[in-house]
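Q: My questions will all concern the structure given below.
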Amino acid sequence: MTTDETAPAPRGKVTITEIARRAGVSVPTVSRVVNGRSDVAPETRARVEDLLRLHGYRKRPAPSAPARATLLDLVFNDLDSPWAVEIIRGVEEAAHAAGAGTVVSAIHGRSGDAREWLRNLRARASDGVILVTSALEPTLHEQLRILGVPLVVVDPTGSPAFDTPTIGAANWSGGLAATEHLLSLGHRRIGLIAGPPRLLCSRARFDGYRAALEAAGLGVDESLVVTGDFRPESGCTGCTALLDLPEPPTALFAASDQMALGAIEALRRRGLRVPEDMSVVGFDDLPEVRWSAPPLTTVRQPLADMGTLAVRTVLRLARGEQPDSPRVELGTELVVRSSTAPPTTAQ
């Protein structure tokens with residue numbers, strides 16, 4: 001008796017989609033084998049070729065059609081942030097080096113936009129998808145599984161599907177390092193402008209902040225914690241709320257550079273100086289903060305490197321290979337500039 005995987009289909013009737021299903025690989029991987037491409041793992045190639053021979057698959061002749069270049073989809077919720085630009089830079093550089101093209105899309109957290117993107121994805125037969133901080137991950141993951149398109153998630157919002165590779169940064173240790181730096185300068189009332197609590201990275205940075213305070217024998221003063229959305233406006237609003245406290249903090253950790261810049265603007269409007277009146281630390285190390293006034297002390301997360309690794313990982317999946325590790329966290333690093341100093345005697 002033959003199994004479903006080995007039972008040959010009628011000659012000339014089998015499709016690439018059926019071969020992909022039986023081989024347990026994506027449709028683009030089978031297409032690469034059929035077209036004689038070299039970017040397929042040897043074991044995967046052998047398995048696919050055995051099935052092609054077994055089922056008598058014949059490639060449709062297309063003598064004048066050039067070979068299709070590898071195409072990757074890079075998907076964000078929004079593109080209105082320098083943070084996104086840094087990830088795009090890393091993706092573009094790695095894709096170009098691999099001879100792949102990139103399509104960049106934003107779905108704005110709306111299911112309608114996601115459905116339209118999926119329709120476009122089917123039409124252009126993308127070889128892989130890199131999904132960045134999207135709340136629609138479960139829905140998209142299931143649709144991509146059905147389509148047989150490899151998926152990698154960058155900076156996941158929560159715990160992704162077990163079989164989906166993820167690439168992020170060491171957010172907990174970054175939050176710890178930022179807070180420890182302020183403690184080492186002598187600050188004890190340290191405010192936090194946290195990111196959206198639904199995001200895994202926000203919760204990890206808050207936990208790092210908490211761990212540093214507790215290690216110093218200080219508990220978290222909830223009155224010193226406000227929530228923002230990573231944008232400058234929320235940093236300005238959050239810092240203003242902290243300044244209105246009867247006893248404002250002497251230092252501030254903002255969970256993104258853009259919120260830190262918004263906080264500095266709030267201090268400027270009150271006639272206060274950084275770091276003389278309040279020290280400020282950000283998170284990201286975006287190019288612009290090196291030229292802010294003053295240059296911002298921040299936690300560097302390797303955004304471009306995250307994009308580069310995402311491309312390499314999704315291309316490995318497209319070749320039928322498995323990544324070395326399904327969960328990768330790249331290291332963060334404290335970068336000390338001019339926005340932090342010991343508290344003054346008056347403080």
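Ordering of the structure tokens sets the chain letters (A, B, ...); residue numbers start at 1 within each chain; ligands are numbered from 1 in the order shown.
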Give me the range 21-95 of chain A side of the contact with range 145-158 of chain A, cut-off 10 Å, one line per residue showing its nearest atom pair and distance in Å at one decimal, counting only C-alpha atoms, sorted by chain and residue number, as a Markdown table.
A:
```
| residue | atom | partner | partner_atom | distance |
| --- | --- | --- | --- | --- |
| A:Arg21 | CA | A:Gly148 | CA | 8.4 |
| A:Gly24 | CA | A:Gly148 | CA | 9.0 |
| A:Val25 | CA | A:Gly148 | CA | 7.1 |
| A:Ser26 | CA | A:Gly148 | CA | 4.5 |
| A:Val27 | CA | A:Gly148 | CA | 6.1 |
| A:Pro28 | CA | A:Val149 | CA | 7.7 |
| A:Thr29 | CA | A:Val149 | CA | 9.5 |
| A:Leu72 | CA | A:Pro150 | CA | 9.8 |
| A:Asp73 | CA | A:Leu151 | CA | 9.6 |
| A:Leu74 | CA | A:Val152 | CA | 9.8 |
| A:Val75 | CA | A:Val153 | CA | 9.6 |
| A:Phe76 | CA | A:Val154 | CA | 9.7 |
| A:Ile87 | CA | A:Val154 | CA | 9.2 |
```
Q: Which polymer residues have any atom within 10 Å of an atom of Asp80 in chain A, counting only C-alpha atoms, with same-chain residues fewer than 3 positions away left out, as a compact mmCIF listing (two decimals) with N, CA, C and O atoms, in the first residue's frame?
A:
```txt
# COMPACT_ATOMS: atom_id res chain seq x y z
N ASN A 77 3.33 48.00 10.91
CA ASN A 77 2.05 48.62 11.24
C ASN A 77 2.01 50.03 10.67
O ASN A 77 1.03 50.44 10.06
N TRP A 83 12.62 54.94 13.56
CA TRP A 83 12.86 53.56 13.99
C TRP A 83 12.62 52.60 12.84
O TRP A 83 13.41 51.70 12.57
N ALA A 84 11.50 52.80 12.11
CA ALA A 84 11.19 51.95 10.97
C ALA A 84 12.22 52.13 9.86
O ALA A 84 12.61 51.16 9.19
N VAL A 85 12.68 53.36 9.67
CA VAL A 85 13.67 53.64 8.62
C VAL A 85 14.95 52.86 8.86
O VAL A 85 15.57 52.33 7.92
N ALA A 106 2.67 49.03 4.79
CA ALA A 106 2.17 49.36 6.13
C ALA A 106 0.70 48.97 6.18
O ALA A 106 -0.07 49.32 5.28
N ARG A 231 5.98 57.95 20.54
CA ARG A 231 6.06 59.15 19.71
C ARG A 231 6.45 60.36 20.56
O ARG A 231 6.25 60.38 21.77
```
Q: Contacts of range 93-98 of chain A at 10 Å or less, counting only C-alpha atoms, minus same-chain residues fewer than 4 places along, as JSON, numbers by chain?
A: {"A": [70, 71, 72, 88, 89, 102, 304, 305, 307, 308, 309, 310, 311, 312, 315]}
Q: Considering only C-alpha atoms, can you say which of A:Leu118, A:Ile167, A:Val104, A:Ile190 comes closest to Thr133 in chain A?
A: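 With only C-alpha atoms as the atom set, the closest residue is A:Ile167.
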Q: Pick out the residues sitting within 12 Å of Pro275 in chain A, and hand them over as a PDB file with all heavy atoms, in the first residue's frame; count only C-alpha atoms, and ignore anything fewer than 5 positions along from it in its own chain.
A:
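result.pdb, freshly written:
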```
ATOM      1  N   LEU A 182      21.619  55.936  35.714  1.00  0.00           N
ATOM      2  CA  LEU A 182      21.088  57.075  36.466  1.00  0.00           C
ATOM      3  C   LEU A 182      21.306  56.888  37.966  1.00  0.00           C
ATOM      4  O   LEU A 182      21.637  57.843  38.685  1.00  0.00           O
ATOM      5  CB  LEU A 182      19.603  57.263  36.152  1.00  0.00           C
ATOM      6  CG  LEU A 182      19.297  57.666  34.697  1.00  0.00           C
ATOM      7  CD1 LEU A 182      17.800  57.587  34.419  1.00  0.00           C
ATOM      8  CD2 LEU A 182      19.829  59.069  34.404  1.00  0.00           C
ATOM      9  N   LEU A 185      24.820  57.763  39.014  1.00  0.00           N
ATOM     10  CA  LEU A 185      25.083  59.203  39.080  1.00  0.00           C
ATOM     11  C   LEU A 185      24.555  59.817  40.371  1.00  0.00           C
ATOM     12  O   LEU A 185      24.827  60.986  40.666  1.00  0.00           O
ATOM     13  CB  LEU A 185      24.444  59.911  37.877  1.00  0.00           C
ATOM     14  CG  LEU A 185      25.058  59.589  36.507  1.00  0.00           C
ATOM     15  CD1 LEU A 185      24.211  60.209  35.388  1.00  0.00           C
ATOM     16  CD2 LEU A 185      26.495  60.089  36.418  1.00  0.00           C
ATOM     17  N   HIS A 187      21.087  59.593  41.299  1.00  0.00           N
ATOM     18  CA  HIS A 187      19.642  59.847  41.245  1.00  0.00           C
ATOM     19  C   HIS A 187      18.894  58.761  42.007  1.00  0.00           C
ATOM     20  O   HIS A 187      19.250  57.581  41.945  1.00  0.00           O
ATOM     21  CB  HIS A 187      19.161  59.891  39.792  1.00  0.00           C
ATOM     22  CG  HIS A 187      19.725  61.039  39.010  1.00  0.00           C
ATOM     23  ND1 HIS A 187      19.222  62.326  39.101  1.00  0.00           N
ATOM     24  CD2 HIS A 187      20.767  61.096  38.129  1.00  0.00           C
ATOM     25  CE1 HIS A 187      19.925  63.120  38.307  1.00  0.00           C
ATOM     26  NE2 HIS A 187      20.876  62.406  37.710  1.00  0.00           N
ATOM     27  N   THR A 250      14.250  63.618  39.465  1.00  0.00           N
ATOM     28  CA  THR A 250      15.473  64.331  39.072  1.00  0.00           C
ATOM     29  C   THR A 250      16.064  63.754  37.791  1.00  0.00           C
ATOM     30  O   THR A 250      16.972  64.347  37.203  1.00  0.00           O
ATOM     31  CB  THR A 250      16.531  64.244  40.182  1.00  0.00           C
ATOM     32  OG1 THR A 250      16.909  62.870  40.363  1.00  0.00           O
ATOM     33  CG2 THR A 250      15.996  64.811  41.488  1.00  0.00           C
ATOM     34  N   ALA A 251      15.557  62.591  37.393  1.00  0.00           N
ATOM     35  CA  ALA A 251      16.038  61.941  36.177  1.00  0.00           C
ATOM     36  C   ALA A 251      14.883  61.197  35.529  1.00  0.00           C
ATOM     37  O   ALA A 251      13.890  60.862  36.183  1.00  0.00           O
ATOM     38  CB  ALA A 251      17.180  60.975  36.487  1.00  0.00           C
ATOM     39  N   LEU A 252      15.039  60.944  34.226  1.00  0.00           N
ATOM     40  CA  LEU A 252      13.953  60.346  33.466  1.00  0.00           C
ATOM     41  C   LEU A 252      14.509  59.326  32.473  1.00  0.00           C
ATOM     42  O   LEU A 252      15.462  59.607  31.741  1.00  0.00           O
ATOM     43  CB  LEU A 252      13.197  61.434  32.699  1.00  0.00           C
ATOM     44  CG  LEU A 252      12.056  61.001  31.784  1.00  0.00           C
ATOM     45  CD1 LEU A 252      10.929  60.366  32.585  1.00  0.00           C
ATOM     46  CD2 LEU A 252      11.535  62.198  31.004  1.00  0.00           C
ATOM     47  N   ILE A 264      12.412  66.315  26.500  1.00  0.00           N
ATOM     48  CA  ILE A 264      13.336  67.448  26.517  1.00  0.00           C
ATOM     49  C   ILE A 264      12.618  68.731  26.092  1.00  0.00           C
ATOM     50  O   ILE A 264      12.853  69.807  26.642  1.00  0.00           O
ATOM     51  CB  ILE A 264      14.552  67.159  25.619  1.00  0.00           C
ATOM     52  CG1 ILE A 264      15.410  66.064  26.262  1.00  0.00           C
ATOM     53  CG2 ILE A 264      15.380  68.413  25.375  1.00  0.00           C
ATOM     54  CD1 ILE A 264      16.548  65.571  25.390  1.00  0.00           C
ATOM     55  N   LEU A 267      10.635  70.005  29.037  1.00  0.00           N
ATOM     56  CA  LEU A 267      11.517  70.688  29.990  1.00  0.00           C
ATOM     57  C   LEU A 267      11.884  72.079  29.485  1.00  0.00           C
ATOM     58  O   LEU A 267      11.917  73.057  30.259  1.00  0.00           O
ATOM     59  CB  LEU A 267      12.776  69.848  30.212  1.00  0.00           C
ATOM     60  CG  LEU A 267      12.556  68.536  30.984  1.00  0.00           C
ATOM     61  CD1 LEU A 267      13.714  67.583  30.792  1.00  0.00           C
ATOM     62  CD2 LEU A 267      12.359  68.836  32.478  1.00  0.00           C
ATOM     63  N   ARG A 268      12.152  72.196  28.192  1.00  0.00           N
ATOM     64  CA  ARG A 268      12.502  73.497  27.615  1.00  0.00           C
ATOM     65  C   ARG A 268      11.360  74.490  27.801  1.00  0.00           C
ATOM     66  O   ARG A 268      11.586  75.660  28.136  1.00  0.00           O
ATOM     67  CB  ARG A 268      12.835  73.341  26.133  1.00  0.00           C
ATOM     68  CG  ARG A 268      13.347  74.618  25.460  1.00  0.00           C
ATOM     69  CD  ARG A 268      13.339  74.518  23.959  1.00  0.00           C
ATOM     70  NE  ARG A 268      11.970  74.407  23.434  1.00  0.00           N
ATOM     71  CZ  ARG A 268      11.155  75.445  23.292  1.00  0.00           C
ATOM     72  NH1 ARG A 268      11.543  76.662  23.637  1.00  0.00           N
ATOM     73  NH2 ARG A 268       9.945  75.272  22.808  1.00  0.00           N
ATOM     74  N   VAL A 280      18.150  62.898  31.289  1.00  0.00           N
ATOM     75  CA  VAL A 280      17.228  62.165  30.413  1.00  0.00           C
ATOM     76  C   VAL A 280      18.005  61.076  29.666  1.00  0.00           C
ATOM     77  O   VAL A 280      19.069  61.337  29.100  1.00  0.00           O
ATOM     78  CB  VAL A 280      16.538  63.098  29.395  1.00  0.00           C
ATOM     79  CG1 VAL A 280      15.617  62.292  28.471  1.00  0.00           C
ATOM     80  CG2 VAL A 280      15.749  64.196  30.107  1.00  0.00           C
ATOM     81  N   VAL A 281      17.445  59.853  29.677  1.00  0.00           N
ATOM     82  CA  VAL A 281      17.987  58.726  28.916  1.00  0.00           C
ATOM     83  C   VAL A 281      16.904  58.217  27.977  1.00  0.00           C
ATOM     84  O   VAL A 281      15.738  58.103  28.369  1.00  0.00           O
ATOM     85  CB  VAL A 281      18.439  57.570  29.839  1.00  0.00           C
ATOM     86  CG1 VAL A 281      18.974  56.394  29.024  1.00  0.00           C
ATOM     87  CG2 VAL A 281      19.507  58.052  30.815  1.00  0.00           C
ATOM     88  N   ALA A 293      19.966  68.624  21.297  1.00  0.00           N
ATOM     89  CA  ALA A 293      20.570  69.577  22.229  1.00  0.00           C
ATOM     90  C   ALA A 293      20.007  69.312  23.628  1.00  0.00           C
ATOM     91  O   ALA A 293      18.857  69.668  23.906  1.00  0.00           O
ATOM     92  CB  ALA A 293      20.268  71.006  21.793  1.00  0.00           C
ATOM     93  N   PRO A 294      20.810  68.679  24.491  1.00  0.00           N
ATOM     94  CA  PRO A 294      22.161  68.149  24.268  1.00  0.00           C
ATOM     95  C   PRO A 294      22.093  66.777  23.590  1.00  0.00           C
ATOM     96  O   PRO A 294      21.027  66.163  23.549  1.00  0.00           O
ATOM     97  CB  PRO A 294      22.705  68.031  25.692  1.00  0.00           C
ATOM     98  CG  PRO A 294      21.495  67.680  26.513  1.00  0.00           C
ATOM     99  CD  PRO A 294      20.363  68.463  25.895  1.00  0.00           C
ATOM    100  N   PRO A 295      23.245  66.290  23.086  1.00  0.00           N
ATOM    101  CA  PRO A 295      23.263  64.921  22.562  1.00  0.00           C
ATOM    102  C   PRO A 295      22.768  63.933  23.623  1.00  0.00           C
ATOM    103  O   PRO A 295      23.135  64.013  24.791  1.00  0.00           O
ATOM    104  CB  PRO A 295      24.743  64.696  22.222  1.00  0.00           C
ATOM    105  CG  PRO A 295      25.256  66.075  21.928  1.00  0.00           C
ATOM    106  CD  PRO A 295      24.539  66.977  22.892  1.00  0.00           C
ATOM    107  N   LEU A 296      21.917  63.002  23.195  1.00  0.00           N
ATOM    108  CA  LEU A 296      21.162  62.172  24.129  1.00  0.00           C
ATOM    109  C   LEU A 296      21.914  60.918  24.564  1.00  0.00           C
ATOM    110  O   LEU A 296      22.395  60.142  23.739  1.00  0.00           O
ATOM    111  CB  LEU A 296      19.838  61.759  23.473  1.00  0.00           C
ATOM    112  CG  LEU A 296      18.854  60.961  24.326  1.00  0.00           C
ATOM    113  CD1 LEU A 296      18.302  61.830  25.459  1.00  0.00           C
ATOM    114  CD2 LEU A 296      17.707  60.429  23.452  1.00  0.00           C
ATOM    115  N   THR A 297      21.979  60.708  25.873  1.00  0.00           N
ATOM    116  CA  THR A 297      22.382  59.403  26.406  1.00  0.00           C
ATOM    117  C   THR A 297      21.238  58.431  26.142  1.00  0.00           C
ATOM    118  O   THR A 297      20.076  58.744  26.403  1.00  0.00           O
ATOM    119  CB  THR A 297      22.643  59.505  27.921  1.00  0.00           C
ATOM    120  OG1 THR A 297      23.778  60.350  28.155  1.00  0.00           O
ATOM    121  CG2 THR A 297      22.921  58.126  28.514  1.00  0.00           C
ATOM    122  N   ARG A 337      26.110  60.140  26.567  1.00  0.00           N
ATOM    123  CA  ARG A 337      26.435  61.423  25.929  1.00  0.00           C
ATOM    124  C   ARG A 337      26.244  62.533  26.962  1.00  0.00           C
ATOM    125  O   ARG A 337      26.687  62.379  28.103  1.00  0.00           O
ATOM    126  CB  ARG A 337      25.579  61.604  24.667  1.00  0.00           C
ATOM    127  CG  ARG A 337      25.860  60.523  23.590  1.00  0.00           C
ATOM    128  CD  ARG A 337      25.255  60.901  22.245  1.00  0.00           C
ATOM    129  NE  ARG A 337      25.578  59.891  21.234  1.00  0.00           N
ATOM    130  CZ  ARG A 337      24.745  58.951  20.814  1.00  0.00           C
ATOM    131  NH1 ARG A 337      23.512  58.881  21.324  1.00  0.00           N
ATOM    132  NH2 ARG A 337      25.119  58.076  19.898  1.00  0.00           N
ATOM    133  N   SER A 338      25.614  63.617  26.580  1.00  0.00           N
ATOM    134  CA  SER A 338      25.618  64.810  27.437  1.00  0.00           C
ATOM    135  C   SER A 338      24.299  65.092  28.143  1.00  0.00           C
ATOM    136  O   SER A 338      24.168  66.130  28.795  1.00  0.00           O
ATOM    137  CB  SER A 338      25.994  66.047  26.600  1.00  0.00           C
ATOM    138  OG  SER A 338      27.217  65.849  25.935  1.00  0.00           O
ATOM    139  N   SER A 339      23.325  64.204  28.049  1.00  0.00           N
ATOM    140  CA  SER A 339      22.013  64.507  28.640  1.00  0.00           C
ATOM    141  C   SER A 339      21.857  63.951  30.050  1.00  0.00           C
ATOM    142  O   SER A 339      20.769  64.044  30.620  1.00  0.00           O
ATOM    143  CB  SER A 339      20.897  63.940  27.742  1.00  0.00           C
ATOM    144  OG  SER A 339      20.941  62.519  27.717  1.00  0.00           O
ATOM    145  N   THR A 340      22.924  63.386  30.617  1.00  0.00           N
ATOM    146  CA  THR A 340      22.854  62.860  31.979  1.00  0.00           C
ATOM    147  C   THR A 340      24.013  63.401  32.802  1.00  0.00           C
ATOM    148  O   THR A 340      25.128  63.574  32.297  1.00  0.00           O
ATOM    149  CB  THR A 340      22.892  61.325  31.987  1.00  0.00           C
ATOM    150  OG1 THR A 340      24.012  60.861  31.209  1.00  0.00           O
ATOM    151  CG2 THR A 340      21.610  60.743  31.409  1.00  0.00           C
ATOM    152  N   ALA A 341      23.732  63.647  34.086  1.00  0.00           N
ATOM    153  CA  ALA A 341      24.739  64.166  35.027  1.00  0.00           C
ATOM    154  C   ALA A 341      24.234  63.913  36.439  1.00  0.00           C
ATOM    155  O   ALA A 341      23.051  63.612  36.641  1.00  0.00           O
ATOM    156  CB  ALA A 341      24.955  65.661  34.792  1.00  0.00           C
ATOM    157  N   PRO A 342      25.101  64.011  37.443  1.00  0.00           N
ATOM    158  CA  PRO A 342      24.636  63.857  38.827  1.00  0.00           C
ATOM    159  C   PRO A 342      23.605  64.923  39.173  1.00  0.00           C
ATOM    160  O   PRO A 342      23.616  66.029  38.602  1.00  0.00           O
ATOM    161  CB  PRO A 342      25.913  64.037  39.649  1.00  0.00           C
ATOM    162  CG  PRO A 342      27.023  63.697  38.698  1.00  0.00           C
ATOM    163  CD  PRO A 342      26.565  64.173  37.360  1.00  0.00           C
ATOM    164  N   PRO A 343      22.694  64.626  40.096  1.00  0.00           N
ATOM    165  CA  PRO A 343      21.714  65.637  40.507  1.00  0.00           C
ATOM    166  C   PRO A 343      22.406  66.795  41.222  1.00  0.00           C
ATOM    167  O   PRO A 343      23.429  66.614  41.887  1.00  0.00           O
ATOM    168  CB  PRO A 343      20.786  64.879  41.452  1.00  0.00           C
ATOM    169  CG  PRO A 343      21.608  63.720  41.945  1.00  0.00           C
ATOM    170  CD  PRO A 343      22.524  63.362  40.822  1.00  0.00           C
ATOM    171  N   THR A 344      21.870  67.991  41.044  1.00  0.00           N
ATOM    172  CA  THR A 344      22.443  69.166  41.705  1.00  0.00           C
ATOM    173  C   THR A 344      22.031  69.182  43.171  1.00  0.00           C
ATOM    174  O   THR A 344      21.114  68.478  43.593  1.00  0.00           O
ATOM    175  CB  THR A 344      21.961  70.455  41.036  1.00  0.00           C
ATOM    176  OG1 THR A 344      20.540  70.549  41.192  1.00  0.00           O
ATOM    177  CG2 THR A 344      22.310  70.462  39.555  1.00  0.00           C
ATOM    178  N   GLN A 347      18.411  69.951  43.675  1.00  0.00           N
ATOM    179  CA  GLN A 347      17.501  68.839  43.437  1.00  0.00           C
ATOM    180  C   GLN A 347      17.415  67.926  44.657  1.00  0.00           C
ATOM    181  O   GLN A 347      16.386  67.374  44.960  1.00  0.00           O
ATOM    182  CB  GLN A 347      17.965  68.026  42.216  1.00  0.00           C
ATOM    183  CG  GLN A 347      17.794  68.758  40.897  1.00  0.00           C
ATOM    184  CD  GLN A 347      18.368  67.955  39.743  1.00  0.00           C
ATOM    185  OE1 GLN A 347      19.428  67.338  39.876  1.00  0.00           O
ATOM    186  NE2 GLN A 347      17.714  67.971  38.597  1.00  0.00           N
TER     187      GLN A 347
END
```
Q: Within range 102-154 of chain A, find each residue whose DSSP state, derived from the backbone, is helix (DSSP H, G or I), and express the selection as a list in words.
A: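 Here are the helix (DSSP H, G or I) residues of range 102-154 of chain A: Ser111, Gly112, Asp113, Ala114, Arg115, Glu116, Trp117, Leu118, Arg119, Asn120, Leu121, Arg122, Ala123, Arg124, Glu137, Pro138, Thr139, Leu140, His141, Glu142, Gln143, Leu144, Arg145, Ile146 and Leu147 of chain A.
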Q: Quick one: everything within 8 Å of Ala23 in chain A, counting only C-alpha atoms, minus sequence neighbours fewer than 3 positions away in the same chain. Send it as an NGL selection string.
A: :A and (5 or 19-20 or 47-48 or 51)
Q: With all heavy atoms retained, write the just-selected residues as an mmCIF file, in the first residue's frame.
A:
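Written output follows (selection02.cif):
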```cif
data_model
loop_
_atom_site.group_PDB
_atom_site.id
_atom_site.type_symbol
_atom_site.label_atom_id
_atom_site.label_comp_id
_atom_site.auth_asym_id
_atom_site.auth_seq_id
_atom_site.Cartn_x
_atom_site.Cartn_y
_atom_site.Cartn_z
ATOM 1 N N GLU A 5 1.613 10.606 0.354
ATOM 2 C CA GLU A 5 2.781 11.348 -0.082
ATOM 3 C C GLU A 5 3.491 10.670 -1.243
ATOM 4 O O GLU A 5 4.169 11.305 -2.030
ATOM 5 C CB GLU A 5 3.774 11.521 1.082
ATOM 6 C CG GLU A 5 3.386 12.630 2.068
ATOM 7 C CD GLU A 5 2.156 12.271 2.877
ATOM 8 O OE1 GLU A 5 1.846 11.062 2.992
ATOM 9 O OE2 GLU A 5 1.487 13.187 3.383
ATOM 10 N N ILE A 19 3.168 19.393 -5.141
ATOM 11 C CA ILE A 19 4.524 18.923 -4.825
ATOM 12 C C ILE A 19 5.013 19.571 -3.537
ATOM 13 O O ILE A 19 5.605 18.909 -2.662
ATOM 14 C CB ILE A 19 5.483 19.233 -5.987
ATOM 15 C CG1 ILE A 19 5.114 18.433 -7.242
ATOM 16 C CG2 ILE A 19 6.928 18.960 -5.586
ATOM 17 C CD1 ILE A 19 5.312 16.938 -7.113
ATOM 18 N N ALA A 20 4.775 20.878 -3.366
ATOM 19 C CA ALA A 20 5.207 21.589 -2.158
ATOM 20 C C ALA A 20 4.537 21.008 -0.919
ATOM 21 O O ALA A 20 5.171 20.825 0.123
ATOM 22 C CB ALA A 20 4.888 23.079 -2.297
ATOM 23 N N ARG A 47 14.702 15.778 -1.953
ATOM 24 C CA ARG A 47 13.333 15.365 -1.637
ATOM 25 C C ARG A 47 12.347 15.862 -2.693
ATOM 26 O O ARG A 47 11.469 15.126 -3.151
ATOM 27 C CB ARG A 47 12.946 15.891 -0.250
ATOM 28 C CG ARG A 47 11.592 15.399 0.234
ATOM 29 C CD ARG A 47 11.415 15.616 1.728
ATOM 30 N NE ARG A 47 11.219 17.015 2.085
ATOM 31 C CZ ARG A 47 12.126 17.771 2.690
ATOM 32 N NH1 ARG A 47 13.313 17.266 3.011
ATOM 33 N NH2 ARG A 47 11.862 19.028 3.002
ATOM 34 N N VAL A 48 12.511 17.137 -3.095
ATOM 35 C CA VAL A 48 11.616 17.712 -4.096
ATOM 36 C C VAL A 48 11.813 17.041 -5.452
ATOM 37 O O VAL A 48 10.843 16.706 -6.152
ATOM 38 C CB VAL A 48 11.836 19.237 -4.202
ATOM 39 C CG1 VAL A 48 11.065 19.813 -5.385
ATOM 40 C CG2 VAL A 48 11.406 19.922 -2.911
ATOM 41 N N LEU A 51 10.103 13.708 -5.674
ATOM 42 C CA LEU A 51 8.654 13.831 -5.860
ATOM 43 C C LEU A 51 8.310 14.266 -7.285
ATOM 44 O O LEU A 51 7.321 13.809 -7.868
ATOM 45 C CB LEU A 51 8.081 14.825 -4.844
ATOM 46 C CG LEU A 51 7.961 14.290 -3.415
ATOM 47 C CD1 LEU A 51 7.701 15.431 -2.436
ATOM 48 C CD2 LEU A 51 6.855 13.249 -3.322
#
```
Q: Rank A:Ala41, A:Val220, A:Leu79, A:Val33 by their smallest atom-to-atom distance to Arg319 in chain A, using only C-alpha atoms, and report the top residue only.
A: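 Closest candidate: A:Ala41.
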Q: Determine which residues of range 132-339 of chain A receive a DSSP assignment of strand (DSSP E), computed from the backbone, and state them as an MDAnalysis selection string.
A: chainID A and resid 132 151:154 166:169 190:194 225:227 251:254 279:284 297:300 327:330 333:335
Q: A:Val314, A:Leu200, A:Ala211, A:Val335: which is nearest Ile130 in chain A, counting only C-alpha atoms?
A: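 Nearest candidate to Ile130 in chain A out of A:Val314, A:Leu200, A:Ala211, A:Val335: A:Val314.
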Q: Tell me which protein, DNA and RNA residues are within 9 Å of Asp207 in chain A, counting only C-alpha atoms, leaving out same-chain ones fewer than 3 positions away, and put them as JSON, numbers by chain.
A: {"A": [172, 175, 176, 202, 203, 204, 210, 211, 212]}
